[in-house]
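S.K.: The following block contains the structure, expressed as structure tokens.
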Amino acid sequence: MAGEEVGKVVEELVGKGDFEELVKVCDRHELSRAMEGKAPDHHLLPIHLAAHLIVGDVQGARYLWLRTTPKGKAASPAAGKVWEVGASLYSHDSGSALRKLRSFDAPPPLQGMMQHLCVVEEARALDLLSRSYSLIAASSLANSLGLPVPQAVSLATSFGFVVSGDSLHLSPPPPPPPTSVPSEPLDPRLLQKLTEYVSFLESSV
């Protein structure tokens with residue numbers, strides 16, 4: 001896929017918010033260039049990294065950064081800034097990652113992707129906190145969100161957290177009730193194969 005064509009596909013996928021497919025397109029483009037003996041497209045590198053981070057594949061972003069040559073990294077300062085966010089996420093420092101995301105500045109479509117990542121990471125951080133604590137100090141919440149206490153409390157309450165009577169702690173929202181998923185019937189052909197296999201084992205004893 002030619003560079004101009006890839007650029008159009010990238011813009012289309014970013015516009016639709018289909019970041020899973022964007023990762024696949026970037027992966028294929030990188031592999032295609034490697035098979036042609038070409039260096040990775042440094043213009044696409046920050047987009048590729050950001051897409052991995054948006055879908056929660058921090059390890060994939062890390063491997064992409066590790067296999068990028070020093071020359072490729074130097075050619076794309078924006079990619080380095082994206083990976084600074086990724087490095088914070090890799091070390092489980094959500095507060096640092098969110099502070100970097102809020103101050104991130106880049107041309108579109110990368111800027112829009114990083115703004116989207118910021119919203120996603122705020123939600124992920126709050127979800128993790130809600131599953132880890134029954135009561136959390138406002139100061140700890142603020143540290144995890146990379147925000148001053150008043151702003152962190154405001155953001156958390158918008159996600160359903162409840163401020164305690166002393167105004168120094170918050171309780172996470174109750175977990176949603178479990179949803180029962182109807183089980184799908186097994187394929188009768190699989191059952192037949194299992195029956196034949198069990199019969200074979202019994203005849204071999």
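Residues are referred to by chain and number: the chain letter is A, B, ... according to the order shown in the structure tokens, the number counts from 1 in that chain, and ligands are numbered separately from 1 in the order shown.
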Could you pull out the residues in chain A that DSSP calls strand (DSSP E) from the backbone, as a PDB file with all heavy atoms, in the first residue's frame?

M.R.:
```
ATOM      1  N   ILE A 136     -11.204   5.372  48.991  1.00  0.00           N
ATOM      2  CA  ILE A 136      -9.905   5.901  48.574  1.00  0.00           C
ATOM      3  C   ILE A 136      -9.774   7.360  48.985  1.00  0.00           C
ATOM      4  O   ILE A 136     -10.752   8.133  48.908  1.00  0.00           O
ATOM      5  CB  ILE A 136      -9.714   5.763  47.042  1.00  0.00           C
ATOM      6  CG1 ILE A 136      -8.321   6.243  46.629  1.00  0.00           C
ATOM      7  CG2 ILE A 136     -10.810   6.474  46.272  1.00  0.00           C
ATOM      8  CD1 ILE A 136      -7.975   5.939  45.186  1.00  0.00           C
ATOM      9  N   ALA A 137      -8.596   7.736  49.443  1.00  0.00           N
ATOM     10  CA  ALA A 137      -8.355   9.126  49.834  1.00  0.00           C
ATOM     11  C   ALA A 137      -8.372  10.015  48.596  1.00  0.00           C
ATOM     12  O   ALA A 137      -7.902   9.622  47.520  1.00  0.00           O
ATOM     13  CB  ALA A 137      -7.012   9.238  50.551  1.00  0.00           C
ATOM     14  N   VAL A 162     -18.638   8.503  45.118  1.00  0.00           N
ATOM     15  CA  VAL A 162     -19.396   9.276  46.110  1.00  0.00           C
ATOM     16  C   VAL A 162     -18.432   9.818  47.156  1.00  0.00           C
ATOM     17  O   VAL A 162     -17.619   9.071  47.718  1.00  0.00           O
ATOM     18  CB  VAL A 162     -20.467   8.396  46.786  1.00  0.00           C
ATOM     19  CG1 VAL A 162     -21.208   9.199  47.860  1.00  0.00           C
ATOM     20  CG2 VAL A 162     -21.446   7.866  45.755  1.00  0.00           C
ATOM     21  N   VAL A 163     -18.519  11.117  47.409  1.00  0.00           N
ATOM     22  CA  VAL A 163     -17.659  11.757  48.405  1.00  0.00           C
ATOM     23  C   VAL A 163     -18.167  11.418  49.799  1.00  0.00           C
ATOM     24  O   VAL A 163     -19.372  11.483  50.072  1.00  0.00           O
ATOM     25  CB  VAL A 163     -17.642  13.290  48.203  1.00  0.00           C
ATOM     26  CG1 VAL A 163     -16.733  13.947  49.247  1.00  0.00           C
ATOM     27  CG2 VAL A 163     -17.171  13.626  46.798  1.00  0.00           C
ATOM     28  N   HIS A 169     -12.401  11.457  51.477  1.00  0.00           N
ATOM     29  CA  HIS A 169     -12.370  10.133  50.863  1.00  0.00           C
ATOM     30  C   HIS A 169     -13.537   9.997  49.887  1.00  0.00           C
ATOM     31  O   HIS A 169     -14.518  10.748  49.948  1.00  0.00           O
ATOM     32  CB  HIS A 169     -12.456   9.024  51.919  1.00  0.00           C
ATOM     33  CG  HIS A 169     -11.283   9.002  52.853  1.00  0.00           C
ATOM     34  ND1 HIS A 169     -11.173   9.857  53.925  1.00  0.00           N
ATOM     35  CD2 HIS A 169     -10.167   8.217  52.861  1.00  0.00           C
ATOM     36  CE1 HIS A 169     -10.040   9.617  54.563  1.00  0.00           C
ATOM     37  NE2 HIS A 169      -9.406   8.628  53.944  1.00  0.00           N
ATOM     38  N   LEU A 170     -13.404   8.998  49.014  1.00  0.00           N
ATOM     39  CA  LEU A 170     -14.480   8.707  48.060  1.00  0.00           C
ATOM     40  C   LEU A 170     -14.713   7.208  48.020  1.00  0.00           C
ATOM     41  O   LEU A 170     -13.780   6.411  48.173  1.00  0.00           O
ATOM     42  CB  LEU A 170     -14.140   9.201  46.652  1.00  0.00           C
ATOM     43  CG  LEU A 170     -14.022  10.713  46.453  1.00  0.00           C
ATOM     44  CD1 LEU A 170     -12.565  11.141  46.610  1.00  0.00           C
ATOM     45  CD2 LEU A 170     -14.537  11.122  45.069  1.00  0.00           C
ATOM     46  N   SER A 171     -15.960   6.857  47.787  1.00  0.00           N
ATOM     47  CA  SER A 171     -16.330   5.455  47.602  1.00  0.00           C
ATOM     48  C   SER A 171     -16.645   5.230  46.132  1.00  0.00           C
ATOM     49  O   SER A 171     -17.324   6.054  45.508  1.00  0.00           O
ATOM     50  CB  SER A 171     -17.561   5.100  48.442  1.00  0.00           C
ATOM     51  OG  SER A 171     -17.309   5.323  49.813  1.00  0.00           O
TER      52      SER A 171
END
```

S.K.: Report as a Markdown table the residues of region 13-122 of chain A within 12 Å of region 128-132 of chain A, each with its shortest atom pair and distance in Å (one decimal), using only C-alpha atoms, ordered by chain and increasing residue number.

M.R.:
```
| residue | atom | partner | partner_atom | distance |
| --- | --- | --- | --- | --- |
| A:His92 | CA | A:Leu128 | CA | 11.2 |
| A:Ser94 | CA | A:Leu128 | CA | 10.4 |
| A:Glu121 | CA | A:Leu128 | CA | 10.3 |
| A:Glu122 | CA | A:Leu128 | CA | 10.0 |
```

S.K.: Keeping only all heavy atoms, write the selected residues to a file as a JSON list (two decimals), in the first residue's frame.

M.R.:
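Result went into part-v2.json, see below:
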```json
[["chain", "number", "residue", "atom", "x", "y", "z"],
["A", 92, "HIS", "N", 2.95, 1.55, 34.88],
["A", 92, "HIS", "CA", 1.71, 1.65, 35.67],
["A", 92, "HIS", "C", 1.61, 2.97, 36.43],
["A", 92, "HIS", "O", 1.06, 3.03, 37.52],
["A", 92, "HIS", "CB", 1.60, 0.47, 36.64],
["A", 92, "HIS", "CG", 1.68, -0.87, 35.98],
["A", 92, "HIS", "ND1", 0.68, -1.37, 35.18],
["A", 92, "HIS", "CD2", 2.68, -1.81, 35.97],
["A", 92, "HIS", "CE1", 1.04, -2.57, 34.72],
["A", 92, "HIS", "NE2", 2.25, -2.83, 35.18],
["A", 94, "SER", "N", -0.26, 5.93, 36.01],
["A", 94, "SER", "CA", -1.34, 6.57, 35.26],
["A", 94, "SER", "C", -1.32, 8.09, 35.43],
["A", 94, "SER", "O", -1.64, 8.83, 34.50],
["A", 94, "SER", "CB", -2.69, 6.01, 35.70],
["A", 94, "SER", "OG", -2.91, 6.25, 37.09],
["A", 121, "GLU", "N", -7.81, 6.70, 29.05],
["A", 121, "GLU", "CA", -6.98, 6.39, 30.22],
["A", 121, "GLU", "C", -7.59, 6.89, 31.52],
["A", 121, "GLU", "O", -7.41, 6.28, 32.57],
["A", 121, "GLU", "CB", -5.57, 6.95, 30.03],
["A", 121, "GLU", "CG", -4.73, 6.17, 29.03],
["A", 121, "GLU", "CD", -4.60, 4.69, 29.39],
["A", 121, "GLU", "OE1", -4.55, 4.37, 30.59],
["A", 121, "GLU", "OE2", -4.56, 3.87, 28.47],
["A", 122, "GLU", "N", -8.30, 8.02, 31.47],
["A", 122, "GLU", "CA", -9.02, 8.47, 32.66],
["A", 122, "GLU", "C", -10.05, 7.42, 33.08],
["A", 122, "GLU", "O", -10.16, 7.08, 34.28],
["A", 122, "GLU", "CB", -9.70, 9.81, 32.39],
["A", 122, "GLU", "CG", -8.76, 10.99, 32.34],
["A", 122, "GLU", "CD", -9.46, 12.28, 31.99],
["A", 122, "GLU", "OE1", -10.59, 12.23, 31.45],
["A", 122, "GLU", "OE2", -8.87, 13.36, 32.22]]
```

S.K.: Write out as a VMD selection string which residues come within 8 Å of Met114 (chain A) when counting only C-alpha atoms, dropping same-chain ones fewer than 5 positions away.

M.R.: chain A and resid 50 101 104

S.K.: Name the closest residue to Gln59 (chain A) among the candidates A:Ser91, A:Ser96, A:Gln151, A:Ser144; distances are taken between atoms, counting only C-alpha atoms.

M.R.: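 Nearest to Gln59 (chain A): A:Ser91.
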
S.K.: Residues of region 45-162 of chain A within 9 Å of region 24-37 of chain A: nearest atom pair and distance (Å, one decimal) for each, counting only C-alpha atoms, sorted by chain and number, as a tab-separated table?

M.R.:
```
residue	atom	partner	partner_atom	distance
A:Leu45	CA	A:Cys26	CA	8.5
A:Ile47	CA	A:Cys26	CA	8.3
A:His48	CA	A:Cys26	CA	5.9
A:Ala51	CA	A:Cys26	CA	8.9
```

S.K.: Atoms to include: N, CA and C atoms. Write the selected residues as a PDB file, in the first residue's frame.

M.R.:
```
ATOM      1  N   LEU A  45       4.868   6.279  12.329  1.00  0.00           N
ATOM      2  CA  LEU A  45       5.270   5.721  13.618  1.00  0.00           C
ATOM      3  C   LEU A  45       4.471   6.273  14.804  1.00  0.00           C
ATOM      4  N   ILE A  47       1.490   7.547  14.887  1.00  0.00           N
ATOM      5  CA  ILE A  47       0.112   7.057  14.738  1.00  0.00           C
ATOM      6  C   ILE A  47       0.033   5.600  15.171  1.00  0.00           C
ATOM      7  N   HIS A  48       1.002   4.815  14.720  1.00  0.00           N
ATOM      8  CA  HIS A  48       1.068   3.383  15.030  1.00  0.00           C
ATOM      9  C   HIS A  48       1.176   3.180  16.545  1.00  0.00           C
ATOM     10  N   ALA A  51      -2.107   4.216  18.321  1.00  0.00           N
ATOM     11  CA  ALA A  51      -3.178   3.238  18.109  1.00  0.00           C
ATOM     12  C   ALA A  51      -3.027   2.056  19.061  1.00  0.00           C
TER      13      ALA A  51
END
```

S.K.: Quick check for you: according to DSSP on this backbone, which residues of region 11-205 of chain A are classed as alpha helix (DSSP H)? Reply as an MDAnalysis selection string.

M.R.: chainID A and resid 11:16 19:35 45:54 58:66 70:74 77:90 94:102 110:132 138:145 149:158 188:204

S.K.: Excluding Asp57 (chain A) and any residue of its chain fewer than 4 positions from it, enumerate the residues within 12 Å of it, using only C-alpha atoms, and give them as a PyMOL selection string.

M.R.: chain A and resi 19-20+23+48-53+61-64+86+89-90

S.K.: Please provide as a PyMOL selection string all residues within 12 Å of Asp127 (chain A), with the sequence filter that same-chain residues fewer than 6 positions apart are discarded (counting only C-alpha atoms).

M.R.: chain A and resi 120-121+133+141+144-145+156+159-161+172-176

S.K.: Rounded to one decimal in Å, what is the spacing between CA of Ala74 (chain A) and CA of Arg99 (chain A)?

M.R.: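 Interatomic distance here is 23.7 Å.
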
S.K.: Between A:Lys71, A:Lys81, A:Lys100, A:His116, single out the one closest to Ala39 (chain A), counting only C-alpha atoms.

M.R.: A:Lys71
